[in-house]
>>> print(open('structure-v3.txt').read())   # compact mmCIF, C-alpha atoms
# COMPACT_ATOMS: atom_id res chain seq x y z
CA MET X 1 -20.70 -27.23 4.94
CA GLU X 2 -19.34 -23.76 4.23
CA ALA X 3 -17.38 -23.55 0.97
CA VAL X 4 -14.03 -21.91 1.58
CA ALA X 5 -11.94 -20.58 -1.28
CA ARG X 6 -8.52 -22.15 -1.42
CA VAL X 7 -6.57 -18.96 -0.94
CA PRO X 8 -2.91 -19.36 0.11
CA ILE X 9 -2.34 -17.32 3.27
CA PHE X 10 0.87 -15.55 4.34
CA LEU X 11 1.13 -15.11 8.07
CA SER X 12 3.40 -13.03 10.26
CA ALA X 13 5.91 -15.12 12.12
CA SER X 14 5.42 -12.96 15.20
CA LYS X 15 1.82 -13.47 16.30
CA PRO X 16 -1.59 -14.96 15.47
CA SER X 17 -3.01 -13.33 12.38
CA THR X 18 -6.40 -12.25 11.16
CA VAL X 19 -7.15 -13.52 7.68
CA LEU X 20 -9.99 -13.51 5.21
CA LEU X 21 -11.72 -16.83 4.65
CA PRO X 22 -14.28 -15.94 1.98
CA SER X 23 -17.24 -18.25 1.44
CA LEU X 24 -17.11 -18.18 -2.32
CA SER X 25 -15.03 -19.70 -5.07
CA LEU X 26 -12.00 -17.99 -6.54
CA SER X 27 -13.85 -17.54 -9.79
CA LEU X 28 -16.16 -15.10 -8.04
CA SER X 29 -13.16 -12.95 -7.10
CA ARG X 30 -13.09 -11.91 -10.73
CA SER X 31 -16.69 -10.72 -10.60
CA ARG X 32 -18.19 -7.57 -9.13
CA ARG X 33 -18.97 -9.39 -5.89
CA SER X 34 -16.70 -8.18 -3.10
CA LEU X 35 -14.51 -10.48 -1.08
CA PHE X 36 -14.65 -7.94 1.69
CA SER X 37 -18.31 -8.45 2.55
CA VAL X 38 -17.20 -11.51 4.50
CA ALA X 39 -15.89 -10.65 7.94
CA ALA X 40 -12.29 -11.51 8.73
CA ARG X 41 -11.96 -13.87 11.65
CA PRO X 42 -8.99 -15.12 13.66
CA ILE X 43 -7.87 -18.68 13.07
CA SER X 44 -6.56 -21.04 15.71
CA ASP X 45 -2.93 -22.09 15.99
CA ARG X 46 -3.89 -25.59 14.82
CA ARG X 47 -5.70 -24.33 11.72
CA ARG X 48 -2.90 -21.88 10.97
CA ASN X 49 -0.36 -24.70 11.12
CA LEU X 50 -2.52 -26.75 8.75
CA TYR X 51 -2.59 -23.88 6.28
CA MET X 52 1.16 -23.44 6.53
CA ALA X 53 1.77 -27.17 6.09
CA ALA X 54 -0.60 -27.34 3.13
CA ARG X 55 1.02 -24.63 1.03
CA SER X 56 4.25 -24.99 -0.88
CA GLU X 57 6.64 -22.07 -0.46
CA GLU X 58 7.22 -21.76 -4.17
CA THR X 59 3.58 -22.09 -5.25
CA ALA X 60 2.06 -19.73 -2.69
CA LEU X 61 1.25 -17.11 -5.30
CA ALA X 62 -1.65 -17.22 -7.73
CA ASP X 63 -1.20 -18.29 -11.33
CA PRO X 64 -0.04 -15.46 -13.60
CA PRO X 65 -2.35 -13.75 -16.09
CA PRO X 66 -1.76 -14.33 -19.83
CA LYS X 67 1.21 -12.44 -21.30
CA GLY X 68 -0.94 -9.90 -23.09
CA ALA X 69 -2.87 -9.15 -19.92
CA GLU X 70 0.37 -8.84 -17.96
CA SER X 71 1.71 -6.29 -20.43
CA PHE X 72 -1.49 -4.27 -20.19
CA PHE X 73 -1.41 -4.46 -16.39
CA ARG X 74 2.18 -3.25 -16.18
CA THR X 75 1.34 -0.36 -18.52
CA ILE X 76 -1.45 0.76 -16.19
CA ILE X 77 0.66 0.65 -13.03
CA SER X 78 3.46 2.39 -14.94
CA SER X 79 1.01 5.22 -15.61
CA MET X 80 0.15 5.33 -11.91
CA GLU X 81 3.87 5.57 -11.14
CA LYS X 82 4.41 8.38 -13.68
CA VAL X 83 1.61 10.48 -12.18
CA TYR X 84 3.11 9.88 -8.74
CA LEU X 85 6.63 10.89 -9.79
CA THR X 86 5.40 13.99 -11.63
CA ARG X 87 3.59 15.24 -8.53
CA ASN X 88 6.21 14.29 -5.96
CA PRO X 89 9.69 15.64 -6.71
CA THR X 90 11.13 14.24 -3.48
CA ALA X 91 10.19 10.70 -4.47
CA LYS X 92 11.67 11.14 -7.94
CA ALA X 93 14.89 12.66 -6.58
CA ILE X 94 15.35 9.82 -4.08
CA LEU X 95 14.67 7.15 -6.69
CA ASP X 96 17.27 8.79 -8.94
CA LEU X 97 19.77 8.91 -6.06
CA VAL X 98 19.24 5.26 -5.16
CA ARG X 99 19.58 4.21 -8.80
CA SER X 100 22.80 6.19 -9.20
CA CYS X 101 24.25 4.55 -6.09
CA ASP X 102 22.99 1.05 -6.76
CA GLY X 103 23.55 0.41 -10.44
CA ASP X 104 20.14 1.56 -11.72
CA HIS X 105 18.36 -1.25 -9.89
CA ILE X 106 15.08 -0.79 -7.98
CA CYS X 107 12.49 -3.26 -6.70
CA TYR X 108 9.21 -2.09 -5.23
CA ASP X 109 7.97 -3.75 -2.06
CA HIS X 110 4.44 -2.35 -2.30
CA PHE X 111 2.14 0.34 -3.70
CA ALA X 112 -0.39 1.95 -1.34
CA PHE X 113 -3.74 3.63 -1.92
CA ARG X 114 -6.28 5.45 0.27
CA THR X 115 -10.06 5.27 -0.12
CA PHE X 116 -13.37 6.33 1.44
CA GLY X 117 -15.11 3.31 2.96
CA VAL X 118 -18.63 4.23 1.91
CA GLU X 119 -21.05 3.34 -0.88
CA GLY X 120 -18.64 1.12 -2.80
CA TYR X 121 -15.73 3.58 -2.72
CA GLY X 122 -13.65 1.66 -0.20
CA ILE X 123 -10.99 -1.00 -0.50
CA ASP X 124 -12.81 -3.14 -3.05
CA SER X 125 -13.15 -0.26 -5.55
CA MET X 126 -9.40 -0.29 -6.14
CA ALA X 127 -8.85 -3.97 -5.30
CA LYS X 128 -11.07 -5.13 -8.17
CA PHE X 129 -8.47 -4.05 -10.73
CA PHE X 130 -5.61 -5.90 -9.04
CA MET X 131 -7.61 -9.05 -8.39
CA ASP X 132 -8.62 -9.19 -12.03
CA PHE X 133 -4.92 -9.63 -12.80
CA GLY X 134 -4.20 -12.35 -10.26
CA TYR X 135 -3.64 -10.55 -6.96
CA MET X 136 -4.86 -12.39 -3.86
CA PRO X 137 -6.20 -10.87 -0.60
CA ARG X 138 -4.17 -11.59 2.49
CA GLU X 139 -4.40 -9.96 5.92
CA GLU X 140 -6.65 -7.21 7.26
CA LEU X 141 -5.24 -4.56 9.59
CA ARG X 142 -7.21 -2.21 11.87
CA PHE X 143 -6.37 1.30 13.08
CA PRO X 144 -9.12 2.25 15.58
CA ALA X 145 -7.71 5.64 16.60
CA LYS X 146 -7.56 6.74 12.96
CA LYS X 147 -10.90 5.09 12.07
CA LEU X 148 -9.20 3.09 9.33
CA LYS X 149 -8.85 -0.46 8.14
CA ALA X 150 -6.58 -1.86 5.45
CA LEU X 151 -6.07 -5.02 3.44
CA TRP X 152 -2.98 -6.09 1.56
CA PHE X 153 -2.79 -8.21 -1.59
CA ALA X 154 -0.07 -10.55 -2.82
CA PRO X 155 0.90 -10.43 -6.51
CA PRO X 156 0.68 -13.41 -8.86
CA LYS X 157 3.81 -15.41 -9.52
CA ILE X 158 5.24 -13.83 -12.66
CA ASP X 159 8.66 -14.15 -14.28
CA TYR X 160 10.20 -10.72 -14.52
CA ILE X 161 12.72 -9.07 -16.81
CA ASP X 162 16.24 -9.93 -15.70
CA GLY X 163 18.02 -6.67 -14.95
CA GLY X 164 14.73 -4.81 -15.06
CA ASN X 165 13.92 -1.75 -13.03
CA GLY X 166 10.89 -0.62 -11.06
CA ILE X 167 7.70 -2.09 -12.52
CA ASP X 168 9.76 -4.43 -14.74
CA GLU X 169 10.87 -6.20 -11.57
CA PRO X 170 8.64 -8.55 -9.54
CA LEU X 171 5.22 -7.00 -9.11
CA PRO X 172 4.71 -5.13 -5.82
CA ARG X 173 2.38 -6.08 -3.03
CA ILE X 174 -0.68 -3.82 -2.87
CA PHE X 175 -1.79 -2.12 0.36
CA ILE X 176 -5.24 -0.47 0.28
CA SER X 177 -6.73 1.35 3.24
CA GLU X 178 -10.15 2.90 3.76
CA LEU X 179 -11.65 5.50 6.06
CA LEU X 180 -14.51 4.07 8.13
CA VAL X 181 -16.83 6.91 7.14
CA ASP X 182 -19.75 5.72 9.30
CA GLN X 183 -17.58 6.41 12.37
CA MET X 184 -17.02 10.04 11.40
CA SER X 185 -19.05 13.00 12.66
CA SER X 186 -22.30 13.73 10.86
CA GLN X 187 -20.75 16.89 9.37
CA SER X 188 -17.82 15.03 7.87
CA GLN X 189 -20.02 12.19 6.64
CA GLU X 190 -22.20 14.74 4.89
CA VAL X 191 -19.17 16.26 3.13
CA ILE X 192 -17.84 12.89 1.95
CA ARG X 193 -21.20 11.62 0.76
CA LYS X 194 -21.84 14.88 -1.09
CA TYR X 195 -18.78 14.36 -3.28
CA ILE X 196 -19.38 10.64 -3.70
CA LYS X 197 -22.77 11.50 -5.20
CA THR X 198 -21.12 13.69 -7.85
CA SER X 199 -18.94 10.75 -8.92
CA GLY X 200 -21.65 8.65 -10.51
CA ASN X 201 -20.07 5.22 -10.97
CA GLY X 202 -16.56 6.56 -10.56
CA ASN X 203 -15.73 3.86 -8.02
CA GLU X 204 -15.88 1.33 -10.86
CA HIS X 205 -13.01 3.13 -12.59
CA ALA X 206 -10.67 3.74 -9.67
CA SER X 207 -7.62 2.35 -11.48
CA VAL X 208 -8.28 4.61 -14.49
CA ALA X 209 -8.51 7.66 -12.21
CA SER X 210 -5.23 6.67 -10.57
CA ALA X 211 -3.47 6.15 -13.90
CA LEU X 212 -4.73 9.51 -15.24
CA GLY X 213 -4.19 11.44 -12.03
CA CYS X 214 -7.73 12.81 -11.78
CA LEU X 215 -10.54 12.83 -9.26
CA THR X 216 -13.74 10.89 -9.90
CA TRP X 217 -15.77 13.53 -8.03
CA GLU X 218 -16.13 17.30 -8.34
CA LYS X 219 -13.26 19.54 -7.26
CA PRO X 220 -13.96 20.26 -3.58
CA LEU X 221 -14.63 23.50 -1.75
CA TYR X 222 -11.92 24.71 0.61
CA SER X 223 -14.45 24.86 3.47
CA ASP X 224 -15.23 21.16 2.97
CA TYR X 225 -11.51 20.33 2.93
CA GLN X 226 -11.09 22.21 6.21
CA GLN X 227 -14.00 20.35 7.79
CA LEU X 228 -12.40 16.99 7.02
CA ALA X 229 -8.89 18.12 7.98
CA ARG X 230 -10.08 19.11 11.47
CA GLU X 231 -11.32 15.58 12.09
CA SER X 232 -9.16 13.33 9.89
CA GLU X 233 -6.09 14.33 7.91
CA TYR X 234 -6.49 11.03 6.06
CA ALA X 235 -9.97 12.11 4.94
CA ALA X 236 -8.75 15.53 3.79
CA TRP X 237 -5.88 13.93 1.86
CA THR X 238 -8.25 11.56 0.08
CA LEU X 239 -10.68 14.34 -0.81
CA VAL X 240 -8.04 16.22 -2.84
CA ASN X 241 -5.91 13.28 -4.05
CA GLY X 242 -8.55 10.63 -4.70
CA TYR X 243 -7.19 7.30 -5.92
CA ALA X 244 -3.68 8.64 -6.61
CA LEU X 245 -0.80 6.52 -5.36
CA ASN X 246 -0.28 7.44 -1.72
CA HIS X 247 3.23 6.02 -1.76
CA VAL X 248 5.53 3.48 -3.34
CA THR X 249 8.02 1.53 -1.26
CA ILE X 250 11.58 0.60 -2.19
CA SER X 251 12.54 -2.92 -1.17
CA THR X 252 15.92 -2.16 0.40
CA HIS X 253 17.10 -5.76 0.79
CA GLN X 254 16.80 -6.12 -2.99
CA LEU X 255 19.44 -3.42 -3.51
CA LYS X 256 23.03 -4.43 -4.19
CA SER X 257 25.19 -1.77 -2.52
CA HIS X 258 25.70 -0.80 1.14
CA ILE X 259 22.36 1.05 1.20
CA ARG X 260 20.54 -2.28 1.12
CA ASN X 261 20.70 -1.92 4.91
CA ILE X 262 17.79 0.39 5.75
CA LYS X 263 19.73 2.23 8.46
CA SER X 264 22.45 3.04 5.92
CA LEU X 265 19.81 4.12 3.41
CA ASN X 266 18.18 6.42 5.98
CA GLU X 267 21.54 8.07 6.66
CA PHE X 268 22.23 8.31 2.93
CA ILE X 269 18.93 10.13 2.40
CA GLU X 270 19.16 12.45 5.41
CA ASP X 271 22.76 13.40 4.57
CA ARG X 272 21.42 14.75 1.27
CA GLY X 273 18.92 17.04 2.94
CA PHE X 274 15.71 14.98 2.80
CA THR X 275 13.39 14.81 5.80
CA LEU X 276 12.22 11.44 7.14
CA ASN X 277 9.00 10.85 9.05
CA SER X 278 10.00 10.97 12.72
CA GLU X 279 6.70 9.74 14.21
CA GLY X 280 7.56 6.88 16.55
CA GLY X 281 11.22 7.22 15.53
CA THR X 282 12.75 7.40 12.09
CA LEU X 283 12.97 3.60 11.88
CA LYS X 284 9.75 1.67 12.48
CA VAL X 285 10.37 -1.92 13.66
CA SER X 286 7.79 -4.71 13.96
CA PRO X 287 7.54 -6.54 17.32
CA ASP X 288 9.31 -9.57 15.85
CA GLY X 289 12.15 -7.34 14.62
CA LEU X 290 11.89 -8.68 11.09
CA LEU X 291 10.11 -5.83 9.26
CA LEU X 292 11.93 -2.49 9.20
CA GLN X 293 10.31 0.57 7.60
CA SER X 294 10.89 4.29 7.17
CA SER X 295 9.50 7.02 4.95
CA THR X 296 9.99 10.59 3.85
CA VAL X 297 7.61 13.40 4.75
CA ALA X 298 5.13 14.04 1.94
CA ASP X 299 5.62 16.76 -0.64
CA SER X 300 3.07 19.58 -0.81
CA THR X 301 1.45 21.27 -3.78
CA SER X 302 -0.85 24.21 -4.44
CA PHE X 303 -4.45 23.12 -4.94
CA ASN X 304 -7.05 25.33 -6.60
CA PHE X 305 -10.31 24.70 -4.75
CA ALA X 306 -13.71 25.09 -6.38
CA ASP X 307 -14.45 28.32 -4.50
CA GLY X 308 -11.35 30.06 -5.88
CA VAL X 309 -9.14 29.48 -2.84
CA THR X 310 -5.59 28.25 -3.53
CA GLU X 311 -3.89 26.49 -0.64
CA SER X 312 -1.03 24.09 -0.07
CA VAL X 313 -2.09 20.47 0.46
CA PRO X 314 -0.03 17.31 1.08
CA CYS X 315 0.74 15.01 -1.84
CA SER X 316 2.56 11.70 -1.49
CA TYR X 317 5.79 10.32 -0.07
CA ILE X 318 8.20 7.44 -0.58
CA GLU X 319 8.75 4.57 1.82
CA PHE X 320 11.56 2.06 2.40
CA ALA X 321 11.17 -1.49 3.71
CA GLU X 322 13.68 -4.14 4.68
CA ARG X 323 12.33 -7.65 5.23
CA LEU X 324 14.71 -9.84 7.22
CA VAL X 325 15.14 -13.57 6.83
CA LEU X 326 12.77 -15.72 8.92
CA PRO X 327 14.47 -17.58 11.81
CA GLN X 328 13.96 -21.00 10.25
CA TYR X 329 16.05 -19.93 7.23
CA LYS X 330 18.84 -18.08 9.05
CA ASN X 331 21.46 -20.67 8.04
CA LEU X 332 20.88 -20.25 4.30
CA ALA X 333 23.70 -18.77 2.26
CA ASN X 334 23.02 -15.27 0.93
CA ASP X 335 22.80 -16.47 -2.67
CA GLU X 336 20.15 -19.05 -1.66
CA ILE X 337 17.77 -16.59 0.02
CA LYS X 338 14.57 -15.87 -1.91
CA GLU X 339 11.76 -13.45 -1.10
CA PHE X 340 9.60 -16.20 0.42
CA HIS X 341 12.38 -16.85 2.97
CA ARG X 342 11.82 -13.35 4.35
CA ARG X 343 9.22 -11.85 6.65
CA ASP X 344 6.04 -11.22 4.67
CA GLY X 345 2.96 -9.13 5.39
CA PHE X 346 2.58 -5.85 7.25
CA GLU X 347 2.51 -4.63 10.83
CA ALA X 348 -0.26 -2.33 12.11
CA GLY X 349 2.08 -0.54 14.53
CA ASN X 350 4.52 0.34 11.75
CA ALA X 351 1.80 1.32 9.30
CA ASP X 352 0.10 3.54 11.87
CA LYS X 353 3.26 5.66 12.10
CA ILE X 354 3.85 5.61 8.32
CA PHE X 355 0.38 7.12 7.81
CA GLU X 356 1.72 10.23 9.57
CA SER X 357 3.94 11.02 6.59
CA THR X 358 1.14 13.23 5.25
CA SER X 359 0.22 14.80 8.61
CA LYS X 360 0.37 18.53 9.32
CA ASP X 361 2.72 17.87 12.22
CA GLN X 362 5.30 16.14 10.00
CA LEU X 363 4.92 18.68 7.18
CA THR X 364 5.50 21.51 9.67
CA LYS X 365 8.72 19.87 10.87
CA LYS X 366 9.82 19.49 7.25
CA ALA X 367 9.22 23.17 6.55
CA ALA X 368 11.20 24.13 9.64
>>> encode(input="structure-v3.txt", output="C-alpha cells")
Amino acid sequence: MEAVARVPIFLSASKPSTVLLPSLSLSLSRSRRSLFSVAARPISDRRRNLYMAARSEETALADPPPKGAESFFRTIISSMEKVYLTRNPTAKAILDLVRSCDGDHICYDHFAFRTFGVEGYGIDSMAKFFMDFGYMPREELRFPAKKLKALWFAPPKIDYIDGGNGIDEPLPRIFISELLVDQMSSQSQEVIRKYIKTSGNGNEHASVASALGCLTWEKPLYSDYQQLARESEYAAWTLVNGYALNHVTISTHQLKSHIRNIKSLNEFIEDRGFTLNSEGGTLKVSPDGLLLQSSTVADSTSFNFADGVTESVPCSYIEFAERLVLPQYKNLANDEIKEFHRRDGFEAGNADKIFESTSKDQLTKKAA
C-alpha cells in the first residue's frame, strides 16, 4: 500500500482542489529529496471531506522549529525583505504610508519568488529552505498560457511578538512559481541553460542569494535578456533578478483602520499618486468572492549588462490581499474571528493577473 505523508491540506471553499500527496514520510521533506517529483492529482469530494474532517482547525499547521532556529529563520527573511525594500522605493513608501495610517502595524500575507524550472533551479530550490523550518506544501497552480506552475506553502504554527511588525508578526505564506523551461523555444532554452551552467551548485543556496541580493549565475548579456523578453517577460525578469523577492503582500484584513477594506486601501494608494496593476481590473476577485487582491506596478531600475549596455529593467512590486470569512463562520463576532476562519490558499485567475505587475504593458502605463 502506498505510504502517504500525513500533510494537513488547506482547500479552497469554492471548487475541487489539486493537492500534493507525496509518497514519502515527512522526515524526507527535510532531506534533499524533492516533494515535487510526485505528480499532483485531484482528490474526490469524499476524500476531500475525509481530510477536512480529520484535521483540527487549530492544529492544521506544522510544529514550530526550535526557538534558536526560528530566530535564525526570521533573520534570513528579514534580510530578504531589506534587499527588496532597498531596490523598490514604491514598496517602501507604501509600507511607510500604511504604517503611518494604521498605527505602525503590518502583517504579511505571503512572500513570492520566481524560478527557472530546469536542472534543479525550480520551485524546490527555494522551497528547501522554507521546508527546513517547518513550512508545508499545499496546492499547485498552473498557468498554461504563461508556461508557469506554482506551489504555495503554509508556515508552521509559531507564537509571534504581540504588537510586532512585519516579519515579527505571524510568518507569511510562501508562493513559489517556476518557468516550464522545456516548453520554451530552443533559443530561449539555450539562453537559460547557458546561465544555469555558470551557477555551479547555486540552486542549493537560493535563500542565501535572495538574502544577499545577488545572482547565482553570471551577469547576463543584453542580447540574451532581449531574447527571453520577446518570449516570456517572466523569464527575462528572472534572468536579471534571480531569487530576489518578487513581491510581498500586505494582509489588509489584519489592519486596524478603515484601510483594512482593500477597496479603501486601493483608493488610499491611488490618491497618493501610486499606480495599481490594471490587468483584469484593479481589484482581482476569486470566483467564490472570498479572496480579493490588488498590486502596484513594479518599480524599474538601471541594469548594467555584461556587454556594457545599461537598460531599465523591472524590479518588484507590492501586493495587497483581503481574505474574507468563510460562509460557515459568518455568524462569528469580529473579535472571535481567527485567520483559519478565513479563505485560505490562492486562486490561479487572480495570480495570473498579478503576474502582469512586472509586464512591459503595465510599466508603460505607469510611465504615462
>>> atom_distance(input="structure-v3.txt", atom1="CA of Leu292 in chain X", atom2="CA of Arg323 in chain X")
6.5 Å
>>> closest_atom_pairs(input="structure-v3.txt", of="range 148-224 of chain X", to="range 248-262 of chain X", cutoff="10 Å", atoms="only C-alpha atoms", output="JSON lines")
{"residue": "X:Gly166", "atom": "CA", "partner": "X:Ile250", "partner_atom": "CA", "distance": 9.0}
{"residue": "X:Pro172", "atom": "CA", "partner": "X:Thr249", "partner_atom": "CA", "distance": 8.7}
{"residue": "X:Arg173", "atom": "CA", "partner": "X:Thr249", "partner_atom": "CA", "distance": 9.6}
{"residue": "X:Ile174", "atom": "CA", "partner": "X:Val248", "partner_atom": "CA", "distance": 9.6}
{"residue": "X:Phe175", "atom": "CA", "partner": "X:Val248", "partner_atom": "CA", "distance": 9.9}
>>> write_last_selection(input="structure-v3.txt", atoms="C-alpha atoms", output="short mmCIF file (atom, residue, chain, number, x, y, z; two decimals), in the frame of the given file")
data_model
loop_
_atom_site.label_atom_id
_atom_site.label_comp_id
_atom_site.auth_asym_id
_atom_site.auth_seq_id
_atom_site.Cartn_x
_atom_site.Cartn_y
_atom_site.Cartn_z
CA GLY X 166 10.89 -0.62 -11.06
CA PRO X 172 4.71 -5.13 -5.82
CA ARG X 173 2.38 -6.08 -3.03
CA ILE X 174 -0.68 -3.82 -2.87
CA PHE X 175 -1.79 -2.12 0.36
#
>>> closest_residue(input="structure-v3.txt", among="X:Tyr243, X:Tyr222, X:Trp217, X:Tyr317", to="Phe274 in chain X", atoms="all atoms listed in the file")
X:Tyr317
>>> residues_near_point(input="structure-v3.txt", point="(3.5, 16.4, 10.1)", cutoff="12 Å", atoms="only C-alpha atoms", output="PyMOL selection string")
chain X and resi 233+275-279+296-300+313-314+353-368
>>> write_last_selection(input="structure-v3.txt", atoms="C-alpha atoms", output="mmCIF file, in the coordinates of the input")
data_model
loop_
_atom_site.group_PDB
_atom_site.id
_atom_site.type_symbol
_atom_site.label_atom_id
_atom_site.label_comp_id
_atom_site.auth_asym_id
_atom_site.auth_seq_id
_atom_site.Cartn_x
_atom_site.Cartn_y
_atom_site.Cartn_z
ATOM 1 C CA GLU X 233 -6.090 14.330 7.910
ATOM 2 C CA THR X 275 13.390 14.810 5.800
ATOM 3 C CA LEU X 276 12.220 11.440 7.140
ATOM 4 C CA ASN X 277 9.000 10.850 9.050
ATOM 5 C CA SER X 278 10.000 10.970 12.720
ATOM 6 C CA GLU X 279 6.700 9.740 14.210
ATOM 7 C CA THR X 296 9.990 10.590 3.850
ATOM 8 C CA VAL X 297 7.610 13.400 4.750
ATOM 9 C CA ALA X 298 5.130 14.040 1.940
ATOM 10 C CA ASP X 299 5.620 16.760 -0.640
ATOM 11 C CA SER X 300 3.070 19.580 -0.810
ATOM 12 C CA VAL X 313 -2.090 20.470 0.460
ATOM 13 C CA PRO X 314 -0.030 17.310 1.080
ATOM 14 C CA LYS X 353 3.260 5.660 12.100
ATOM 15 C CA ILE X 354 3.850 5.610 8.320
ATOM 16 C CA PHE X 355 0.380 7.120 7.810
ATOM 17 C CA GLU X 356 1.720 10.230 9.570
ATOM 18 C CA SER X 357 3.940 11.020 6.590
ATOM 19 C CA THR X 358 1.140 13.230 5.250
ATOM 20 C CA SER X 359 0.220 14.800 8.610
ATOM 21 C CA LYS X 360 0.370 18.530 9.320
ATOM 22 C CA ASP X 361 2.720 17.870 12.220
ATOM 23 C CA GLN X 362 5.300 16.140 10.000
ATOM 24 C CA LEU X 363 4.920 18.680 7.180
ATOM 25 C CA THR X 364 5.500 21.510 9.670
ATOM 26 C CA LYS X 365 8.720 19.870 10.870
ATOM 27 C CA LYS X 366 9.820 19.490 7.250
ATOM 28 C CA ALA X 367 9.220 23.170 6.550
ATOM 29 C CA ALA X 368 11.200 24.130 9.640
#
>>> closest_residue(input="structure-v3.txt", among="X:Gly202, X:Leu95, X:Glu322, X:Glu70", to="Pro156 in chain X", atoms="only C-alpha atoms")
X:Glu70
>>> atom_distance(input="structure-v3.txt", atom1="CA of Ile337 in chain X", atom2="CA of Gly103 in chain X")
20.8 Å
>>> atom_distance(input="structure-v3.txt", atom1="CA of Ala127 in chain X", atom2="CA of Glu231 in chain X")
26.3 Å
>>> closest_residue(input="structure-v3.txt", among="X:Ile123, X:Thr301, X:Phe129, X:Phe320", to="Val208 in chain X", atoms="all atoms listed in the file")
X:Phe129
